[in-house]
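What follows is one structure encoded as structure tokens, with my remarks underneath.
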Amino acid sequence: MSKVDTSKQNAFLIDMTKCTGCRGCQVACKQWNQLEAENTEFFSGEGYQNPPAMSEYTFTRIKFRDYEKNGQNEFAFYKEMCMHCDDPACASVCPVGAFEKTPEGPVIYKADRCIGCRFCMIACPFGVPKYEWSKGLPLVKKCTGCHDRVTAGLQPACATACPTAITYGPRDEMIKIAEERVAKHPDKYIRKIYGKEEAGGTSVIYLTSLPFDELGFKKVTLRPLPEYTWQALRFVPAAFLTVGGSLSALSWINHRRDRLKNEQEDAEQVDTPADEKED
Ligand code: SF4
Ligand code: SF4
Ligand code: SF4
């Protein structure tokens, strides 16, 4: 597969020291992507985040951590989402090209191509792609980087809703801003920009005041991950490797495509003004 020219790609600069924990980003993401509500619990054992994990209904969430500084109780936050990797492991293992790094930055998922093998879920080092286990004809779900909004000249929904912490724009400019902030306030920031080099570089970059591992950031190699993923996938059960080969698998894939078609038709009907609809 030829590599996409990402020299002009956009990126999220997420400055966790400016985050107030308002979770406007979580709500905006749910609204824009029309994601169902789900049962949640406030305390998950590792912090105060709600819901306790990302899911097919939650593409982003704010993780909370409290700590003590100079005798005062402080909060630190981490906005979890797809990293939109420059060289995405999910795309590199997908046998049918259902994931694609776009020149604008977002890594998108083409549901009509997906055969449900779930290699992407195993390959992603950030645990991002989720499977709709609750549905009869499941698809993979993850943050889209609001590619539809970005290609229409808008900012991603979460970036639009955020009052303080998220800046969105050309990746090289976002890195420059991040470097300037770290240089100007060395006492405030950890001297590292997460995502600048992690996994070979990503379209989501972070600044924090606490060490990344204390906030729950994953430790990943600086080299692009596709170099490693096929080694790991040799442990995948052979049943997955043959999923596209049997008649029952083909029938299952066709039913999923019917589901997608029906959903698209329903969405078009909702978008059509009432007076244009047939009686
Ligand atoms: S974070 Fe995971 S799902 Fe997102 S682009 Fe990277 S490998 Fe793919
Ligand atoms: S970029 Fe869009 S899909 Fe991704 S977390 Fe933000 S609002 Fe949700
Ligand atoms: S909208 Fe911004 S300030 Fe509010 S929780 Fe999300 S990242 Fe933090």
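Here, A, B, ... name the chains of the structure tokens in the order displayed, residue numbers run from 1 inside each chain, and ligands are numbered from 1 in the same displayed order.
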Per residue of chain A within 10 Å of ligand 1, record the nearest atom pair and its distance in Å to one decimal, counting only C-alpha atoms and all ligand atoms, with rows in chain order and ascending residue number, as CSV.
```
residue,atom,partner,partner_atom_place_in_ligand_line,distance
A:Met81,CA,ligand 1,1 (S),7.6
A:Cys82,CA,ligand 1,4 (Fe),4.1
A:Met83,CA,ligand 1,1 (S),4.2
A:His84,CA,ligand 1,5 (S),3.8
A:Cys85,CA,ligand 1,6 (Fe),4.3
A:Asp86,CA,ligand 1,5 (S),7.5
A:Asp87,CA,ligand 1,6 (Fe),7.6
A:Pro88,CA,ligand 1,7 (S),4.4
A:Ala89,CA,ligand 1,7 (S),4.4
A:Cys90,CA,ligand 1,8 (Fe),4.3
A:Ala91,CA,ligand 1,8 (Fe),6.5
A:Ser92,CA,ligand 1,7 (S),8.7
A:Val93,CA,ligand 1,7 (S),9.7
A:Phe99,CA,ligand 1,8 (Fe),7.7
A:Glu100,CA,ligand 1,5 (S),8.6
A:Lys101,CA,ligand 1,5 (S),7.6
A:Gly105,CA,ligand 1,5 (S),9.7
A:Pro106,CA,ligand 1,5 (S),7.7
A:Val107,CA,ligand 1,5 (S),5.3
A:Ile108,CA,ligand 1,5 (S),8.1
A:Tyr109,CA,ligand 1,3 (S),9.1
A:Cys120,CA,ligand 1,3 (S),7.1
A:Met121,CA,ligand 1,3 (S),7.6
A:Ile122,CA,ligand 1,2 (Fe),9.4
A:Ala123,CA,ligand 1,7 (S),6.7
A:Cys124,CA,ligand 1,2 (Fe),4.0
A:Pro125,CA,ligand 1,2 (Fe),6.1
A:Phe126,CA,ligand 1,1 (S),5.3
A:Gly127,CA,ligand 1,2 (Fe),6.4
A:Val128,CA,ligand 1,3 (S),5.0
A:Pro129,CA,ligand 1,3 (S),5.3
A:Lys130,CA,ligand 1,3 (S),9.1
A:Lys141,CA,ligand 1,3 (S),9.3
A:Lys142,CA,ligand 1,3 (S),7.0
A:Cys143,CA,ligand 1,4 (Fe),7.7
A:Thr144,CA,ligand 1,4 (Fe),8.9
A:Gly145,CA,ligand 1,4 (Fe),9.3
A:Ala199,CA,ligand 1,6 (Fe),8.0
A:Gly201,CA,ligand 1,6 (Fe),9.7
A:Thr202,CA,ligand 1,6 (Fe),7.5
A:Ser203,CA,ligand 1,5 (S),8.8
A:Val204,CA,ligand 1,1 (S),9.3
A:Pro224,CA,ligand 1,7 (S),9.9
A:Leu225,CA,ligand 1,7 (S),7.9
A:Pro226,CA,ligand 1,7 (S),8.9
```
message: List the spatial neighbours of A:Gln155 as an NGL selection string - criterion: any atom at most 8 Å away, only C-alpha atoms, same-chain residues fewer than 3 positions off excluded.
response: :A and (146 or 149-150 or 159-160 or 168)
message: Just checking: using only C-alpha atoms, which residue out of A:Gly21, A:Ile115, A:His185, A:Ile177 ends up closest to A:Leu137?
response: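 Checking each candidate against A:Leu137, we get A:Ile115 as the closest.
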Dump the neighbourhood of ligand 3 as a compact mmCIF listing (two decimals) with C-alpha atoms, in the first residue's frame: all residues within 7 Å, distances computed on only C-alpha atoms and all ligand atoms.
```txt
# COMPACT_ATOMS: atom_id res chain seq x y z
CA ILE A 14 -4.47 18.82 23.67
CA LYS A 18 -5.64 23.78 30.52
CA CYS A 19 -8.40 21.15 30.77
CA THR A 20 -11.09 21.91 33.35
CA GLY A 21 -12.70 18.46 33.18
CA CYS A 22 -15.99 19.93 31.92
CA ARG A 23 -16.43 17.00 29.47
CA GLY A 24 -17.96 19.25 26.84
CA CYS A 25 -15.79 17.31 24.35
CA GLN A 26 -17.43 14.01 25.38
CA ILE A 62 -11.84 12.40 30.03
CA LYS A 79 -8.59 13.09 27.00
CA CYS A 158 -14.75 18.06 20.43
CA ALA A 161 -16.82 22.49 22.13
CA CYS A 162 -13.67 22.73 24.22
CA PRO A 163 -13.38 26.12 25.93
CA THR A 164 -9.70 25.88 26.90
CA ALA A 165 -7.57 22.84 26.13
CA ILE A 166 -7.88 21.73 22.48
```
- request: Could you tell me, as a ChimeraX atom specification, which residues of stretch 144-198 of chain A DSSP assigns to helix (DSSP H, G or I) when given the backbone?
  value: /A:147-151,157-161,171-184,198
field: Residue nearest A:Thr102 - candidates A:Asp148, A:Glu180, A:Glu74, A:Asp187, atoms counted: only C-alpha atoms
entry: A:Asp148
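Atom CA of A:Tyr67 is found 26.0 Å from atom CA of A:Glu198.
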message: Here is a test: counting only C-alpha atoms and all ligand atoms, which residue of A:Ser7, A:Thr17, A:Thr60, A:Ser55 is nearest to ligand 2?
response: A:Thr60
message: Using DSSP assignments from the backbone, pull out every residue in stretch 88-256 of chain A that falls under strand (DSSP E) and give it to me as a PyMOL selection string.
response: chain A and resi 99-101+107-109+130-131+140-141+166-170+204-207
task: Could you check how far atom CA of A:Gly97 sits from atom CA of A:Lys261, in Å to one decimal?
output: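 One can read the atom CA of A:Gly97 to atom CA of A:Lys261 distance as 19.3 Å.
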task: Give me, please, the distance in Å between atom CA of A:Arg223 and atom CA of A:Ala11, quoted to one decimal.
output: 18.9 Å
- request: Go through A:Arg259, A:Ala157, A:Tyr78, A:Ala152 and flag the residue nearest A:Leu139, using only C-alpha atoms for the distances.
  value: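 Smallest separation from A:Leu139 among the options: A:Arg259.
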